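> One structure is given below, represented as structure tokens, and several questions about it will come after.
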Amino acid sequence: ATQTAQATGVHFPAGFLWGASTASFQIEGATKEDGRGQSIWDTFAATPGKVFNGDGGDPATDHYHRYREDIELMSSMGIGAYRFSIAWPRIQPDGKGRINQAGLDFYDRLVDELLKAGIEPWPTLYHWDLPQRLEDDGGWPNRDTAHRFAEYAAVVHGALGDRISDWATLNEPWCAAFLGYAQGVHAPGRTDPAASLAAVHHLLLGHGMAATAMRDQAGRFDRPLRVGLVHNQTVLRPHSDSEADLDAARRIDGLRNRIFTEPLLRGRYPEDIRTDLARVSDFGFVRDGDLAAISVPLDMLGINFYSPQRVAGGAEGIDPALIEPGEGEVWTGAEDVVFVDQGMPRTAMGWEIDATGLTEVLTRLAADYPGVPLYVTENGAAFDDEVAADGRVHDSQRVAYLDAHLRAAHQAVEEGVPLKGYFAWSLLDNFEWAFGYSKRFGLVHVDYGTQKRTVKDSGHWYSGVARSGSLPDRH
Ligand code: PNW
């Protein structure tokens with residue numbers, strides 16, 4: 001770090017939304033309270049060997065009981081919007097039929113408290129905690145789950161739609177489908193490539209049917225309804241300009257990005273990817289009318305961005321030490337593709353840090369699908385944070401990560417991208433899925449023994465950004 005401050009002039013447009021994100025299973029705890037049903041993540045976490053250290057959903061950050069304190073924290077930080085998710089098994093313990101009023105009441109209190117604090121509620125209807133009962137019936141590879149999701153969406157929107165305008169249906173269907181049903185490192189832990197593709201389709205169909213169900217009843221409420229979806233688009237960089245490496249980048253781009261954005265925004269699956277996948281699936285799950293149901297208007301596209309990746313068509317000629325272990329397993333039909341170290345510094349997740357990828361993701365989406373308002377709905381980093389002797393958490397690496405990515409986002413705005421807001425992942429340290437509590441992404445540190453919250457240096461820094469709408473000079 002140099003001592004000379006650079007004149008930055010990094011100011012975001014007026015009205016730019018500054019938020020923080022969480023997800024139900026990662027923070028709430030209270031998994032057996034007030035009639036909540038079991039989710040696939042309860043089952044997965046209780047299965048030996050699936051989650052690091054045998055960690056599970058209790059007590060997490062005990063947000064179910066401490067939500068008022070957490071809202072006060074956000075308020076003190078000047079955060080304008082809170083992206084949280086709703087636990088389907090709290091609302092419908094069996095994923096269908098009976099509605100659990102006590103579950104709805106929790107989100108009712110949460111939303112009222114947010115509004116009182118002047119914080120916009122941004123709910124996501126599905127952040128991976130599928131009711132176990134629906135998985136027992138086949139889960140997302142079963143078409144019926146899409147219908148059940150639309151019904152659930154209508155119930156929640158019916159209860160909270162009088163106070164909330166901005167809704168997301170799904171969080172990262174890529175993770176839900178491929179990590180959950182192909183690689184098996186996320187719940188429900190299945191390893192069935194054909195099923196993972198059916199899951200993709202039924203997640204997208206559930207999104208479209210839910211959006212339509214919500215719009216059909218929006219007239220009940222005296223406020224606009226905006227429905228979006230949250231997608232983890234990334235950049236796939238070819239290792240070289242050899243034909244094999246360029247083709248690897250095309251294939252992985254198809255499986256990670258276009259298999260979601262093309263049906264959503266153009267009403268079609270990419271032909272090249274259908275051809276690549278022919279030996280895995282004939283896409284026989286697509287019925288007449290499905291693509292029209294999926295490609296209903298999208299009021300916003302949320303982008304979760306963490307890291308770009310470099311890919312090669314094969315291991316030949318690449319130093320084995322530079323090949324990322326295990327990456328291939330997740331790529332249904334492209335298991336031969338190799339992921340290559342880009343030589344960038346890494347977070348505690350082992351994810352390489354390269355903020356230019358965020359500018360690329362945003363400018364490409366704006367060019368490919370003009371007119372869709374974009375939000376960064378997650379961006380952040382895990383580091384090995386500790387509370388120092390002075391009682392603070394000096395997470396300068398996270399400040400540097402956020403600063404670099406916000407500069408990259410600002411660059412996209414300068415280039416004309418309709419980026420309307422940014423949500424940091426995450427408000428709090430929390431349950432990082434298969435990594436349990438071992439990875440800390442929060443702007444706020446959580447001591448899991450005492451549940452004490454400590455705003456990290458990055459949280460103080462982000463608070464300044466949210467209040468001013470601009471980035472402080474770098475020192
Ligand atoms: C996202 N991957 O998950 C989720 O939306 C969050 O719930 C999560 O805590 C956050 O990013 C950090 O991980 C991902 O393996 C999980 O590529 C795994 C991957 C990507 C995103």
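Starting from 1 in every chain, residues are counted up; chains themselves are A, B, ... following the order of the structure tokens, and ligands are numbered from 1 as listed.
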Give one line per residue of chain A that approaches ligand 1 to at most 10 Å, naming the two atoms of the closest pair and their distance in Å to one decimal, counting only C-alpha atoms and all ligand atoms; sort by chain then ascending residue number and deliver it as CSV.


```
residue,atom,partner,partner_atom_place_in_ligand_line,distance
A:Ser21,CA,ligand 1,6 (C),8.8
A:Thr22,CA,ligand 1,7 (O),7.2
A:Ala23,CA,ligand 1,7 (O),6.2
A:Ser24,CA,ligand 1,7 (O),9.2
A:Phe25,CA,ligand 1,7 (O),8.8
A:Gln26,CA,ligand 1,7 (O),7.2
A:Ser85,CA,ligand 1,7 (O),9.9
A:His127,CA,ligand 1,7 (O),7.1
A:Trp128,CA,ligand 1,7 (O),8.4
A:Leu170,CA,ligand 1,5 (O),9.9
A:Asn171,CA,ligand 1,5 (O),6.1
A:Glu172,CA,ligand 1,5 (O),6.1
A:Pro173,CA,ligand 1,5 (O),9.4
A:Trp174,CA,ligand 1,20 (C),8.4
A:Cys175,CA,ligand 1,18 (C),6.4
A:Ala176,CA,ligand 1,16 (C),9.3
A:Phe178,CA,ligand 1,15 (O),9.6
A:Leu179,CA,ligand 1,15 (O),7.3
A:Val185,CA,ligand 1,15 (O),8.8
A:His186,CA,ligand 1,18 (C),8.6
A:Val230,CA,ligand 1,5 (O),8.5
A:His231,CA,ligand 1,5 (O),8.8
A:Asn232,CA,ligand 1,21 (C),7.0
A:Gln233,CA,ligand 1,20 (C),9.8
A:Thr234,CA,ligand 1,17 (O),9.6
A:Arg256,CA,ligand 1,17 (O),9.7
A:Ile303,CA,ligand 1,5 (O),9.8
A:Asn304,CA,ligand 1,5 (O),7.0
A:Phe305,CA,ligand 1,11 (O),8.1
A:Tyr306,CA,ligand 1,11 (O),7.5
A:Ser307,CA,ligand 1,17 (O),8.6
A:Gln309,CA,ligand 1,17 (O),10.0
A:Glu327,CA,ligand 1,15 (O),8.9
A:Val330,CA,ligand 1,15 (O),9.0
A:Met349,CA,ligand 1,13 (O),8.0
A:Trp351,CA,ligand 1,17 (O),8.7
A:Thr377,CA,ligand 1,5 (O),8.9
A:Glu378,CA,ligand 1,5 (O),7.0
A:Asn379,CA,ligand 1,11 (O),7.9
A:Gly380,CA,ligand 1,12 (C),7.7
A:Ala381,CA,ligand 1,12 (C),7.6
A:Ala382,CA,ligand 1,12 (C),8.0
A:Trp425,CA,ligand 1,10 (C),6.9
A:Ser426,CA,ligand 1,9 (O),7.6
A:Asp429,CA,ligand 1,9 (O),9.3
A:Asn430,CA,ligand 1,9 (O),7.8
A:Phe431,CA,ligand 1,9 (O),7.4
A:Glu432,CA,ligand 1,9 (O),5.1
A:Trp433,CA,ligand 1,9 (O),6.8
A:Ala434,CA,ligand 1,16 (C),8.8
A:Phe435,CA,ligand 1,13 (O),9.1
A:Lys439,CA,ligand 1,13 (O),8.9
A:Arg440,CA,ligand 1,9 (O),9.3
A:Phe441,CA,ligand 1,12 (C),7.4
A:Gly442,CA,ligand 1,9 (O),9.8
```

> Can you list, as an MDAnalysis selection string, every protein, DNA or RNA residue that comes within 12 Å of Phe106 (chain A) when you count only C-alpha atoms, leaving out same-chain residues fewer than 6 positions away?

chainID A and resid 24 28 30 33:36 63:68 86:87 90:91 100 112:113 156 159:160

> Neighbours of Arg453 (chain A) within 12 Å (only C-alpha atoms; same-chain residues fewer than 2 positions away dropped), as an NGL selection string?

:A and (61-63 or 66 or 69-70 or 72-74 or 387 or 391-393 or 427-430 or 442-451 or 455-456 or 459)

> Taking into account only C-alpha atoms, which residue in the set A:Val227, A:Ala182, A:Ile318, A:Leu358 is nearest to Asp299 (chain A)?

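That would be A:Val227, the residue with the smallest distance to Asp299 (chain A).
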
> Within region 159-246 of chain A, find each residue whose DSSP state, derived from the backbone, is helix (DSSP H, G or I), and express the selection as a PyMOL selection string.

chain A and resi 159-160+173-183+193-220+243-246

> Take the residues from that selection and put them in a file with C-alpha atoms, as a PDB file, in the first residue's frame.


```
ATOM      1  CA  ALA A 159     -49.151 -12.714   2.768  1.00  0.00           C
ATOM      2  CA  LEU A 160     -46.371 -10.143   2.254  1.00  0.00           C
ATOM      3  CA  PRO A 173     -30.316 -22.600  -9.942  1.00  0.00           C
ATOM      4  CA  TRP A 174     -26.879 -23.755 -11.192  1.00  0.00           C
ATOM      5  CA  CYS A 175     -25.873 -24.712  -7.639  1.00  0.00           C
ATOM      6  CA  ALA A 176     -29.252 -26.249  -6.833  1.00  0.00           C
ATOM      7  CA  ALA A 177     -29.227 -28.427  -9.968  1.00  0.00           C
ATOM      8  CA  PHE A 178     -25.584 -29.327 -10.535  1.00  0.00           C
ATOM      9  CA  LEU A 179     -24.032 -29.234  -7.056  1.00  0.00           C
ATOM     10  CA  GLY A 180     -27.156 -30.900  -5.652  1.00  0.00           C
ATOM     11  CA  TYR A 181     -28.017 -33.518  -8.290  1.00  0.00           C
ATOM     12  CA  ALA A 182     -24.819 -34.074 -10.346  1.00  0.00           C
ATOM     13  CA  GLN A 183     -21.793 -33.521  -8.128  1.00  0.00           C
ATOM     14  CA  PRO A 193     -26.261 -36.212 -14.479  1.00  0.00           C
ATOM     15  CA  ALA A 194     -29.551 -36.804 -16.322  1.00  0.00           C
ATOM     16  CA  ALA A 195     -31.523 -35.876 -13.207  1.00  0.00           C
ATOM     17  CA  SER A 196     -29.494 -32.669 -12.830  1.00  0.00           C
ATOM     18  CA  LEU A 197     -30.675 -31.520 -16.268  1.00  0.00           C
ATOM     19  CA  ALA A 198     -34.292 -32.279 -15.440  1.00  0.00           C
ATOM     20  CA  ALA A 199     -33.700 -30.267 -12.260  1.00  0.00           C
ATOM     21  CA  VAL A 200     -32.466 -27.302 -14.322  1.00  0.00           C
ATOM     22  CA  HIS A 201     -35.632 -27.371 -16.399  1.00  0.00           C
ATOM     23  CA  HIS A 202     -38.025 -27.736 -13.486  1.00  0.00           C
ATOM     24  CA  LEU A 203     -36.279 -24.994 -11.504  1.00  0.00           C
ATOM     25  CA  LEU A 204     -36.693 -22.661 -14.485  1.00  0.00           C
ATOM     26  CA  LEU A 205     -40.279 -23.776 -14.997  1.00  0.00           C
ATOM     27  CA  GLY A 206     -40.972 -23.219 -11.296  1.00  0.00           C
ATOM     28  CA  HIS A 207     -39.537 -19.724 -11.635  1.00  0.00           C
ATOM     29  CA  GLY A 208     -41.781 -18.883 -14.582  1.00  0.00           C
ATOM     30  CA  MET A 209     -44.914 -20.366 -13.050  1.00  0.00           C
ATOM     31  CA  ALA A 210     -44.229 -18.602  -9.753  1.00  0.00           C
ATOM     32  CA  ALA A 211     -43.725 -15.249 -11.492  1.00  0.00           C
ATOM     33  CA  THR A 212     -47.024 -15.688 -13.317  1.00  0.00           C
ATOM     34  CA  ALA A 213     -48.878 -16.784 -10.177  1.00  0.00           C
ATOM     35  CA  MET A 214     -47.633 -13.696  -8.337  1.00  0.00           C
ATOM     36  CA  ARG A 215     -48.487 -11.358 -11.203  1.00  0.00           C
ATOM     37  CA  ASP A 216     -51.978 -12.856 -11.468  1.00  0.00           C
ATOM     38  CA  GLN A 217     -52.760 -11.782  -7.911  1.00  0.00           C
ATOM     39  CA  ALA A 218     -50.734  -8.551  -7.824  1.00  0.00           C
ATOM     40  CA  GLY A 219     -53.883  -6.483  -8.398  1.00  0.00           C
ATOM     41  CA  ARG A 220     -54.813  -7.156  -4.762  1.00  0.00           C
ATOM     42  CA  GLU A 243      -9.405 -25.032 -30.661  1.00  0.00           C
ATOM     43  CA  ALA A 244      -9.783 -27.459 -27.751  1.00  0.00           C
ATOM     44  CA  ASP A 245      -9.473 -24.717 -25.111  1.00  0.00           C
ATOM     45  CA  LEU A 246     -11.844 -22.366 -26.928  1.00  0.00           C
TER      46      LEU A 246
END
```

> Calculate how many Å separate CA of Ile119 (chain A) from CA of Ser75 (chain A), rounding to one decimal.

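These two atoms are separated by 7.4 Å.
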
> Report the residues of region 127-230 of chain A whose backbone DSSP state falls under strand (DSSP E), written as a ChimeraX atom specification.

/A:166-171,226-230

> Based on the selection just made, write all heavy atoms of those residues as a PDB file, in the first residue's frame.


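Okay, selection-v7.pdb is ready:
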```
ATOM      1  N   ASP A 166     -40.150  -5.986  -4.516  1.00  0.00           N
ATOM      2  CA  ASP A 166     -39.067  -6.663  -5.241  1.00  0.00           C
ATOM      3  C   ASP A 166     -38.862  -8.086  -4.728  1.00  0.00           C
ATOM      4  O   ASP A 166     -38.492  -8.286  -3.571  1.00  0.00           O
ATOM      5  CB  ASP A 166     -37.776  -5.859  -5.096  1.00  0.00           C
ATOM      6  CG  ASP A 166     -37.918  -4.507  -5.774  1.00  0.00           C
ATOM      7  OD1 ASP A 166     -37.829  -4.462  -7.007  1.00  0.00           O
ATOM      8  OD2 ASP A 166     -38.172  -3.500  -5.063  1.00  0.00           O
ATOM      9  N   TRP A 167     -39.088  -9.030  -5.610  1.00  0.00           N
ATOM     10  CA  TRP A 167     -39.016 -10.442  -5.258  1.00  0.00           C
ATOM     11  C   TRP A 167     -38.054 -11.161  -6.192  1.00  0.00           C
ATOM     12  O   TRP A 167     -38.020 -10.880  -7.385  1.00  0.00           O
ATOM     13  CB  TRP A 167     -40.394 -11.096  -5.427  1.00  0.00           C
ATOM     14  CG  TRP A 167     -41.443 -10.550  -4.517  1.00  0.00           C
ATOM     15  CD1 TRP A 167     -42.116  -9.374  -4.662  1.00  0.00           C
ATOM     16  CD2 TRP A 167     -41.935 -11.159  -3.316  1.00  0.00           C
ATOM     17  NE1 TRP A 167     -43.007  -9.223  -3.620  1.00  0.00           N
ATOM     18  CE2 TRP A 167     -42.921 -10.298  -2.786  1.00  0.00           C
ATOM     19  CE3 TRP A 167     -41.650 -12.354  -2.646  1.00  0.00           C
ATOM     20  CZ2 TRP A 167     -43.614 -10.582  -1.613  1.00  0.00           C
ATOM     21  CZ3 TRP A 167     -42.340 -12.643  -1.481  1.00  0.00           C
ATOM     22  CH2 TRP A 167     -43.311 -11.760  -0.968  1.00  0.00           C
ATOM     23  N   ALA A 168     -37.320 -12.109  -5.633  1.00  0.00           N
ATOM     24  CA  ALA A 168     -36.567 -13.038  -6.476  1.00  0.00           C
ATOM     25  C   ALA A 168     -37.171 -14.418  -6.257  1.00  0.00           C
ATOM     26  O   ALA A 168     -37.523 -14.772  -5.117  1.00  0.00           O
ATOM     27  CB  ALA A 168     -35.093 -13.041  -6.115  1.00  0.00           C
ATOM     28  N   THR A 169     -37.307 -15.168  -7.325  1.00  0.00           N
ATOM     29  CA  THR A 169     -37.819 -16.530  -7.196  1.00  0.00           C
ATOM     30  C   THR A 169     -36.713 -17.446  -6.675  1.00  0.00           C
ATOM     31  O   THR A 169     -36.751 -17.891  -5.537  1.00  0.00           O
ATOM     32  CB  THR A 169     -38.343 -17.021  -8.556  1.00  0.00           C
ATOM     33  OG1 THR A 169     -37.292 -16.848  -9.518  1.00  0.00           O
ATOM     34  CG2 THR A 169     -39.585 -16.249  -8.963  1.00  0.00           C
ATOM     35  N   LEU A 170     -35.704 -17.703  -7.514  1.00  0.00           N
ATOM     36  CA  LEU A 170     -34.674 -18.680  -7.184  1.00  0.00           C
ATOM     37  C   LEU A 170     -33.329 -18.021  -6.925  1.00  0.00           C
ATOM     38  O   LEU A 170     -32.984 -17.035  -7.580  1.00  0.00           O
ATOM     39  CB  LEU A 170     -34.449 -19.646  -8.353  1.00  0.00           C
ATOM     40  CG  LEU A 170     -35.657 -20.351  -8.940  1.00  0.00           C
ATOM     41  CD1 LEU A 170     -35.221 -21.162 -10.163  1.00  0.00           C
ATOM     42  CD2 LEU A 170     -36.299 -21.270  -7.904  1.00  0.00           C
ATOM     43  N   ASN A 171     -32.554 -18.609  -6.046  1.00  0.00           N
ATOM     44  CA  ASN A 171     -31.142 -18.274  -5.938  1.00  0.00           C
ATOM     45  C   ASN A 171     -30.305 -19.338  -6.629  1.00  0.00           C
ATOM     46  O   ASN A 171     -30.405 -20.522  -6.302  1.00  0.00           O
ATOM     47  CB  ASN A 171     -30.703 -18.205  -4.473  1.00  0.00           C
ATOM     48  CG  ASN A 171     -29.224 -17.895  -4.348  1.00  0.00           C
ATOM     49  OD1 ASN A 171     -28.797 -16.781  -4.672  1.00  0.00           O
ATOM     50  ND2 ASN A 171     -28.412 -18.868  -3.937  1.00  0.00           N
ATOM     51  N   ARG A 226     -42.280  -6.443  -8.868  1.00  0.00           N
ATOM     52  CA  ARG A 226     -41.158  -6.736  -9.766  1.00  0.00           C
ATOM     53  C   ARG A 226     -40.607  -8.110  -9.393  1.00  0.00           C
ATOM     54  O   ARG A 226     -40.267  -8.340  -8.229  1.00  0.00           O
ATOM     55  CB  ARG A 226     -40.072  -5.661  -9.633  1.00  0.00           C
ATOM     56  CG  ARG A 226     -40.499  -4.301 -10.191  1.00  0.00           C
ATOM     57  CD  ARG A 226     -39.437  -3.249 -10.018  1.00  0.00           C
ATOM     58  NE  ARG A 226     -39.276  -2.842  -8.632  1.00  0.00           N
ATOM     59  CZ  ARG A 226     -39.907  -1.810  -8.056  1.00  0.00           C
ATOM     60  NH1 ARG A 226     -40.737  -1.067  -8.757  1.00  0.00           N
ATOM     61  NH2 ARG A 226     -39.697  -1.515  -6.786  1.00  0.00           N
ATOM     62  N   VAL A 227     -40.558  -8.988 -10.378  1.00  0.00           N
ATOM     63  CA  VAL A 227     -40.092 -10.354 -10.115  1.00  0.00           C
ATOM     64  C   VAL A 227     -38.815 -10.622 -10.901  1.00  0.00           C
ATOM     65  O   VAL A 227     -38.761 -10.394 -12.111  1.00  0.00           O
ATOM     66  CB  VAL A 227     -41.154 -11.406 -10.510  1.00  0.00           C
ATOM     67  CG1 VAL A 227     -40.713 -12.786 -10.041  1.00  0.00           C
ATOM     68  CG2 VAL A 227     -42.510 -11.065  -9.923  1.00  0.00           C
ATOM     69  N   GLY A 228     -37.828 -11.108 -10.202  1.00  0.00           N
ATOM     70  CA  GLY A 228     -36.564 -11.438 -10.848  1.00  0.00           C
ATOM     71  C   GLY A 228     -36.056 -12.791 -10.412  1.00  0.00           C
ATOM     72  O   GLY A 228     -36.751 -13.556  -9.719  1.00  0.00           O
ATOM     73  N   LEU A 229     -34.853 -13.093 -10.842  1.00  0.00           N
ATOM     74  CA  LEU A 229     -34.205 -14.365 -10.508  1.00  0.00           C
ATOM     75  C   LEU A 229     -32.722 -14.070 -10.282  1.00  0.00           C
ATOM     76  O   LEU A 229     -32.173 -13.145 -10.892  1.00  0.00           O
ATOM     77  CB  LEU A 229     -34.416 -15.346 -11.661  1.00  0.00           C
ATOM     78  CG  LEU A 229     -33.661 -16.674 -11.618  1.00  0.00           C
ATOM     79  CD1 LEU A 229     -34.546 -17.794 -12.183  1.00  0.00           C
ATOM     80  CD2 LEU A 229     -32.371 -16.612 -12.416  1.00  0.00           C
ATOM     81  N   VAL A 230     -32.106 -14.843  -9.428  1.00  0.00           N
ATOM     82  CA  VAL A 230     -30.694 -14.630  -9.094  1.00  0.00           C
ATOM     83  C   VAL A 230     -29.853 -15.762  -9.681  1.00  0.00           C
ATOM     84  O   VAL A 230     -30.105 -16.941  -9.420  1.00  0.00           O
ATOM     85  CB  VAL A 230     -30.497 -14.547  -7.565  1.00  0.00           C
ATOM     86  CG1 VAL A 230     -29.018 -14.531  -7.213  1.00  0.00           C
ATOM     87  CG2 VAL A 230     -31.208 -13.308  -7.012  1.00  0.00           C
TER      88      VAL A 230
END
```

> Have a look at A:Gln342, A:Thr347, A:Gln397, A:Ser438 and name the one nearest to Arg237 (chain A); count only C-alpha atoms.

A:Gln342

> With a distance cut-off of 12 Å and only C-alpha atoms, select the neighbouring residues of Glu414 (chain A), excluding the residue or stretch itself and same-chain residues fewer than 2 positions from it, and output the selection as JSON, numbers by chain.

{"A": [9, 10, 11, 12, 13, 359, 362, 363, 407, 408, 409, 410, 411, 412, 416, 417, 418, 419]}

> Restricted to C-alpha atoms, what would the selected residues look like written as a PDB file, in the first residue's frame?


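For reference, result-v9.pdb as written:
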```
ATOM      1  CA  GLY A   9     -14.056  10.022  -8.367  1.00  0.00           C
ATOM      2  CA  VAL A  10     -15.885   6.714  -8.020  1.00  0.00           C
ATOM      3  CA  HIS A  11     -19.443   7.866  -7.466  1.00  0.00           C
ATOM      4  CA  PHE A  12     -22.415   5.612  -8.109  1.00  0.00           C
ATOM      5  CA  PRO A  13     -25.589   7.033  -9.669  1.00  0.00           C
ATOM      6  CA  THR A 359     -17.052  -5.931 -15.347  1.00  0.00           C
ATOM      7  CA  LEU A 362     -22.088  -7.248 -16.426  1.00  0.00           C
ATOM      8  CA  THR A 363     -21.152  -5.775 -19.806  1.00  0.00           C
ATOM      9  CA  ARG A 407     -14.672  -0.357  -8.926  1.00  0.00           C
ATOM     10  CA  ALA A 408     -15.286  -3.106 -11.481  1.00  0.00           C
ATOM     11  CA  ALA A 409     -19.062  -2.677 -11.091  1.00  0.00           C
ATOM     12  CA  HIS A 410     -18.686   1.083 -11.441  1.00  0.00           C
ATOM     13  CA  GLN A 411     -16.684   0.575 -14.621  1.00  0.00           C
ATOM     14  CA  ALA A 412     -19.640  -1.364 -16.031  1.00  0.00           C
ATOM     15  CA  GLY A 416     -23.730   2.006 -19.865  1.00  0.00           C
ATOM     16  CA  VAL A 417     -24.741  -1.200 -18.042  1.00  0.00           C
ATOM     17  CA  PRO A 418     -28.130  -0.764 -16.288  1.00  0.00           C
ATOM     18  CA  LEU A 419     -26.767  -1.826 -12.912  1.00  0.00           C
TER      19      LEU A 419
END
```

> Of the residues A:Gly54, A:Pro263, A:Pro308, A:Gly158, which is the one nearest to Ala292 (chain A), using only C-alpha atoms?

A:Pro263

> Tell me, in Å to one decimal, how far CA of Val235 (chain A) is from CA of Gly357 (chain A).

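So the answer is 6.1 Å.
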
> From the options A:Pro373, A:Gly333, A:Pro121, A:Pro59, which residue's atoms come nearest to Arg274 (chain A), counting only C-alpha atoms?

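Using only C-alpha atoms, the shortest distance to Arg274 (chain A) belongs to A:Gly333.
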
> With only C-alpha atoms as the atoms that count, which of A:Ala117, A:Gly343, A:Glu335, A:Asp108 lies nearest to Ala321 (chain A)?

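Looking at the shortest contact to Ala321 (chain A), the residue is A:Gly343.
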
> With only C-alpha atoms as the basis for distance, which of A:Asp136, A:Glu151, A:Asp129, A:Asp241 is at the shortest distance from Arg98 (chain A)?

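Going through A:Asp136, A:Glu151, A:Asp129, A:Asp241 one by one, the smallest distance to Arg98 (chain A) is for A:Glu151.
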
> If we count only C-alpha atoms and set the cut-off at 10 Å, which residues sit around Leu115 (chain A), ignoring sequence neighbours fewer than 4 positions away in its own chain? Please answer as a JSON list (two decimals) with C-alpha atoms, in the first residue's frame.


```json
[["chain", "number", "residue", "atom", "x", "y", "z"],
["A", 71, "ILE", "CA", -31.88, -5.15, 11.69],
["A", 81, "ALA", "CA", -31.91, -3.04, 1.35],
["A", 109, "ARG", "CA", -42.45, -9.58, 11.84],
["A", 110, "LEU", "CA", -39.15, -9.43, 9.98],
["A", 111, "VAL", "CA", -40.63, -7.36, 7.15],
["A", 119, "ILE", "CA", -34.68, -0.90, 4.95],
["A", 120, "GLU", "CA", -36.18, -2.35, 1.76],
["A", 121, "PRO", "CA", -37.02, -6.05, 2.07],
["A", 163, "ARG", "CA", -45.44, -4.47, 1.78],
["A", 164, "ILE", "CA", -42.88, -5.78, -0.72]]
```
